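Take a look at the structure below.
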Amino acid sequence: MLINYIKIAWRNLWNNKVFGVINIAGLTFGLTCCMFILLWVANEWSYNCYHEKLPDIYQVYENQYYANNEILTVNATPGPLADQLKAEIPGILKAAALSPVSEKLLAVGEKGYKSGGQYANNDVFQVFTFPFIDGDPAKALLGPNDIVLSEKTALNLFGDSKVVGKTVRLNNKEDYMVVGVMKNLPENSSLKFEWLLPRERYEQEYDWLKTWSANAPRTYILIDPKADIAGINAKVKGIIQRNLKDSKTEVFLYPYKDTYLEGRFDKGKIDGGRIEYVQLFIIIAIFVLLIACINFMNLSTARALQRSKEVGVRKSIGAGKGTLISQFLGESFALVFIATALSLLLVWVLLPSFEKMVNISLSVPLFTWYNILALLVLALFTGFVAGSYPAFYLSSLNAVTTLKGGMLRLKSSAIWLRKGLVVFQFVVSTVLIVAAVLIYQQISFIKNRNLGLNKDQVLWFFNEGSMVNDLRPFRNALLGMPGVEAVSDADQLPIRVGSNFSGVSWKGKNPDETVLFDNLLAGYDLQKTMQLQMAEGRTFSPEFATDTNGIVINETAAKVMSLKPPYVGQIITIDDEQQLPIIGVTRDFSSNHLGRKVAPMVIRYRSAKNKFVLVRVKPDQVETAIGSIEKVFRQFNPQYPFEIKYMDASFADLYKSEQMIGRLSAAFTALAIFIACLGLFGLATFTAQQRTKEIGIRKVLGASIIQILTLLSKDFIRLVLIAVGIALPLAAYFMDGWLNKFAYHIDISWWVYVATGLLAIVLAMLTVSYQSVRTARMNPVKSLRSE
């Protein structure tokens, strides 16, 4: 019986090639879209799952309370917190403290290698799973000159991974002994480092790490599996307040397994994160696959008239309804498995391009048993969804009616369902078109918005080696070089300021209110280098010796302080100690992601140890300027590799997620539209075939091509118009919510909806008109030759 079903399915496919190709193509593209999205989703879900004790790992967060009921949630914590938690709170087994990532020059002999790493305590190896290739993790980072390397770093430095006991020199200053070599961290790891140094060294560099009033390390704890996490959270909540008088900061523990996908907080509560993109694309995958299934259902029910006699014959010789349902479902499953095989081939071929589009290397292999199993389940589900209605509908046809030879008409319910499904397809497609357009506009807005500074033609590199303690000789040497326009330095990139503090006071400030200020330390000529727009005054200049004892604020800071112009000369107090006169007020500039409102900012002068050197180059002399910078850099730091970076590229990195979403949305929108139009083309082709003789008669009676084209197209266009009318309000609702997550975003223009509606209608007309024109131009003699 099964062989017979396969033969019948093949015969029907061969005799109806156009419909077979349309069905298989639609299902293939739909399944391909689903497979790519599921691979990406699986990769997102896999982050940090390699840690063996993941369910018992928690990250420490702070809720900081400020004026106007503002709550800032951060994962930077005080230096003493890790040890205090472990000593004071029962149920906490281990507490790892990790510094932010910093770059160091690692050298062995003449071979130097620059890489990013972190400072940590030994507990990091008990909390997380970092397998050692060489060495003992229980003894690592206990000595002041210990260093743990990744396998990649060990191979780059020594050409071997078995290097415990060998020496590495850091920044051409101190020697460290390798006490362990770890396996490289997987791609799906939130932690990214190539070496680890003892936490004690970090504290030697920064004395304030020993206080409770400053934050930097990220703290991760391992709790006893039997412990009550609610009870532990109750005990840790006030730990900072118990150690720091007048602190309003509260501590809480958050599951580490959730930090990657759900690590965004608002007003002290979880407010989503990347999980929103995961959910979005799961929904897109479902809808694209549904569009493909709808094509199959529509074409199968439309062709019911052609297969009615077959159903009648089978019923007359004893075939039951269950047998017919099995046959038609079997045929749909056969087509789906052909499409599945083709989609698997497409995914395998296009996977490198997909990884490039989403800008990640997928950690989830394609050919694994669970992926194949998921694909089979997806194929079975698709086959059932696509084939169920046609199977039940065809099996319910009356045998007598089908064999009388009269004209069998589809039931009104079947016709309305088919129309409803076409409307659903174009509702989804139109919503996706609007979404893709608005995402593109928002990304363009971000790129081209007046940021209050000019990120273009600005190069940056790390301040290191002999330049760190006094940048002035390097700066003076660079200023006279060809292509160089201005030079400055800062402790952070001005487009990505992550440091803040509340130790700012001014005349008239309410002593009970705490206000958080972004905190930027900078050298001379920041205004000239970043082309900051000034509301009043200037930034620090070597032409004014007193500037080093001044302070610069932004407009938002002036508003928060309720200062009245002229601003220059008014006094700002820092940490109740330094009284600094304002020398300038900058226009608000974008110092972070546009999802965050511009915060009040203070800019203070620092002449040494700023992390970044910023160089503005002349637009037509970029390559000349790079050569000049490298020449001077090698004079001062001959043993350091010269690595130049572009400020505009660093700015784009802030929006990698949005850009990835934009590319994926555009790709899957195009795919959804193509599949929907493919189905519409099939229905138009079938309708034209069914009405061939009617059209022949109308042409003989004098109907024009335009009249026939209108006759064949009007029903389809009416359905698309209904779909557009439903889709545009839906798209407006959902996209307004997405845009509101940005503090600065575009306003949705009316023309976006008009253009999208017209585009959907034009695509539908082009799809339908091809077959309609072809039928309308057919010779009526040919269509009426036989009756």
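All residue names refer to the structure tokens as shown: chains lettered A, B, ... in order, residues numbered from 1 in each chain, ligands numbered from 1 in order.
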**Request:** Apply DSSP to the structure's backbone, then extract all residues of stretch 459-534 of chain A labelled alpha helix (DSSP H) and return them as a ChimeraX atom specification.
**Result:** /A:472-479,526-530
**Request:** Identify, on the basis of only C-alpha atoms, every residue whose closest approach to A:Val124 does not exceed 8 Å; exclude the query and any residue fewer than 4 positions from it along the same chain; express the result as a PyMOL selection string.
**Result:** chain A and resi 95-98+120+128
**Neighbour list for A:Arg201 as a ChimeraX atom specification, cut-off 12 Å, only C-alpha atoms, skip fewer than 2 positions in-chain** = /A:99,118-121,141-147,174,176,196-199,203-207,209
Pull N, CA and C atoms from the residues just selected and write them as a short mmCIF file (atom, residue, chain, number, x, y, z; two decimals), in the first residue's frame.
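selection.cif written:
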```cif
data_model
loop_
_atom_site.label_atom_id
_atom_site.label_comp_id
_atom_site.auth_asym_id
_atom_site.auth_seq_id
_atom_site.Cartn_x
_atom_site.Cartn_y
_atom_site.Cartn_z
N SER A 99 38.25 41.15 37.27
CA SER A 99 38.34 42.53 36.83
C SER A 99 37.77 42.67 35.42
N GLN A 118 42.24 39.14 32.34
CA GLN A 118 41.61 39.66 33.55
C GLN A 118 42.40 39.26 34.79
N TYR A 119 42.19 40.02 35.85
CA TYR A 119 42.70 39.68 37.16
C TYR A 119 41.62 38.89 37.90
N ALA A 120 42.03 37.87 38.65
CA ALA A 120 41.03 37.03 39.33
C ALA A 120 41.65 36.40 40.57
N ASN A 121 40.78 35.93 41.46
CA ASN A 121 41.24 35.13 42.59
C ASN A 121 41.11 33.64 42.26
N LEU A 141 47.14 31.02 40.64
CA LEU A 141 46.87 32.40 41.05
C LEU A 141 47.00 32.61 42.55
N LEU A 142 47.72 31.73 43.22
CA LEU A 142 47.95 31.91 44.66
C LEU A 142 49.20 32.72 44.94
N GLY A 143 50.14 32.72 44.01
CA GLY A 143 51.36 33.50 44.16
C GLY A 143 51.24 34.84 43.46
N PRO A 144 51.95 35.86 43.90
CA PRO A 144 51.83 37.20 43.33
C PRO A 144 52.32 37.30 41.89
N ASN A 145 53.17 36.35 41.47
CA ASN A 145 53.69 36.40 40.10
C ASN A 145 53.21 35.21 39.28
N ASP A 146 52.05 34.68 39.61
CA ASP A 146 51.46 33.59 38.81
C ASP A 146 50.74 34.16 37.58
N ILE A 147 50.70 33.37 36.55
CA ILE A 147 49.90 33.71 35.38
C ILE A 147 49.35 32.42 34.78
N GLU A 174 57.73 43.23 34.23
CA GLU A 174 57.83 42.20 35.25
C GLU A 174 57.69 40.81 34.63
N TYR A 176 56.44 36.88 35.01
CA TYR A 176 55.43 36.04 35.68
C TYR A 176 55.68 34.59 35.28
N LEU A 196 45.02 35.10 32.86
CA LEU A 196 44.53 35.51 34.17
C LEU A 196 45.73 35.82 35.06
N LEU A 197 45.61 36.93 35.81
CA LEU A 197 46.65 37.32 36.77
C LEU A 197 46.03 37.38 38.16
N PRO A 198 46.85 37.32 39.21
CA PRO A 198 46.32 37.35 40.58
C PRO A 198 45.61 38.67 40.90
N ARG A 199 44.53 38.58 41.65
CA ARG A 199 43.77 39.77 42.02
C ARG A 199 44.62 40.74 42.82
N GLU A 203 44.87 45.03 42.82
CA GLU A 203 44.72 45.92 43.96
C GLU A 203 45.96 46.79 44.17
N GLN A 204 47.13 46.26 43.77
CA GLN A 204 48.35 47.07 43.87
C GLN A 204 48.31 48.23 42.87
N GLU A 205 47.70 47.99 41.71
CA GLU A 205 47.59 49.05 40.70
C GLU A 205 46.59 50.11 41.11
N TYR A 206 45.51 49.68 41.75
CA TYR A 206 44.42 50.60 42.10
C TYR A 206 44.07 50.43 43.58
N ASP A 207 44.56 51.36 44.41
CA ASP A 207 44.34 51.28 45.85
C ASP A 207 42.86 51.34 46.23
N LEU A 209 40.47 49.86 45.14
CA LEU A 209 39.79 48.57 45.10
C LEU A 209 39.61 47.97 46.49
#
```
**Fill in**
Of A:Ile446, A:Leu342, A:Leu155, A:Val720, the one nearest to A:Leu739 when counting only C-alpha atoms is A:Ile446
**Request:** Could you give me, as an NGL selection string, the residues within 12 Å of A:Arg449, counting only C-alpha atoms and dropping anything in the same chain fewer than 6 positions from it?
**Result:** :A and (441-443 or 455 or 589-590 or 594 or 744-746)
**Two-atom distance - atom CA of A:Val568, atom CA of A:Phe540 (Å)** = 13.0 Å
**Prompt:** What separation in Å, quoted to one decimal, exists between atom CA of A:Val622 and atom CA of A:Val484?
**Reply:** 8.6 Å
**Complete:** From the list A:Val427, A:Leu459, A:Ala755, A:Ser213, the nearest residue to A:Ile673 using only C-alpha atoms is A:Val427
**Item:** Test item, strand (DSSP E or B) assignment across stretch 226-257 of chain A, answer as number ranges by chain
**Value:** A: 250-255
Keeping all heavy atoms for every residue in the selection just given, could you write it to a file as a compact mmCIF listing (two decimals), in the first residue's frame?
```
# COMPACT_ATOMS: atom_id res chain seq x y z
N GLU A 250 21.87 48.46 47.34
CA GLU A 250 21.45 47.13 47.76
C GLU A 250 22.00 46.09 46.79
O GLU A 250 22.13 46.34 45.58
CB GLU A 250 19.92 47.02 47.80
CG GLU A 250 19.29 47.90 48.87
CD GLU A 250 17.77 47.83 48.88
OE1 GLU A 250 17.20 47.27 47.91
OE2 GLU A 250 17.17 48.32 49.84
N VAL A 251 22.34 44.93 47.33
CA VAL A 251 22.96 43.86 46.56
C VAL A 251 21.96 42.72 46.38
O VAL A 251 21.16 42.45 47.27
CB VAL A 251 24.23 43.34 47.28
CG1 VAL A 251 24.77 42.08 46.62
CG2 VAL A 251 25.31 44.43 47.29
N PHE A 252 22.01 42.09 45.20
CA PHE A 252 21.19 40.89 45.00
C PHE A 252 21.92 39.92 44.08
O PHE A 252 22.84 40.31 43.34
CB PHE A 252 19.80 41.23 44.44
CG PHE A 252 19.82 41.78 43.04
CD1 PHE A 252 19.60 40.95 41.94
CD2 PHE A 252 20.00 43.14 42.81
CE1 PHE A 252 19.59 41.46 40.65
CE2 PHE A 252 20.00 43.66 41.52
CZ PHE A 252 19.79 42.82 40.44
N LEU A 253 21.52 38.66 44.16
CA LEU A 253 22.13 37.62 43.34
C LEU A 253 21.20 37.28 42.19
O LEU A 253 19.98 37.15 42.37
CB LEU A 253 22.38 36.36 44.18
CG LEU A 253 23.14 36.55 45.49
CD1 LEU A 253 23.35 35.21 46.17
CD2 LEU A 253 24.47 37.26 45.26
N TYR A 254 21.78 37.10 41.01
CA TYR A 254 20.99 36.80 39.81
C TYR A 254 21.60 35.57 39.14
O TYR A 254 22.83 35.47 39.01
CB TYR A 254 21.02 38.00 38.87
CG TYR A 254 20.09 37.88 37.69
CD1 TYR A 254 18.70 37.86 37.87
CD2 TYR A 254 20.59 37.80 36.40
CE1 TYR A 254 17.85 37.76 36.80
CE2 TYR A 254 19.74 37.70 35.32
CZ TYR A 254 18.37 37.67 35.52
OH TYR A 254 17.52 37.57 34.45
N PRO A 255 20.77 34.61 38.72
CA PRO A 255 21.32 33.37 38.13
C PRO A 255 22.22 33.68 36.93
O PRO A 255 21.81 34.38 35.99
CB PRO A 255 20.07 32.60 37.70
CG PRO A 255 18.97 33.11 38.57
CD PRO A 255 19.31 34.57 38.80
```
**Asked** Between A:Val108, A:Ala140, A:Val127, A:Met534, which has the minimum distance to A:Thr153 (counting only C-alpha atoms)?
**Response** A:Val108
**Nearest residue to A:Leu438 from the set A:Leu27, A:Ala666, A:Leu763, A:Leu39 (distances using only C-alpha atoms)** =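 Residue with the minimum atom-to-atom distance to A:Leu438: A:Ala666.
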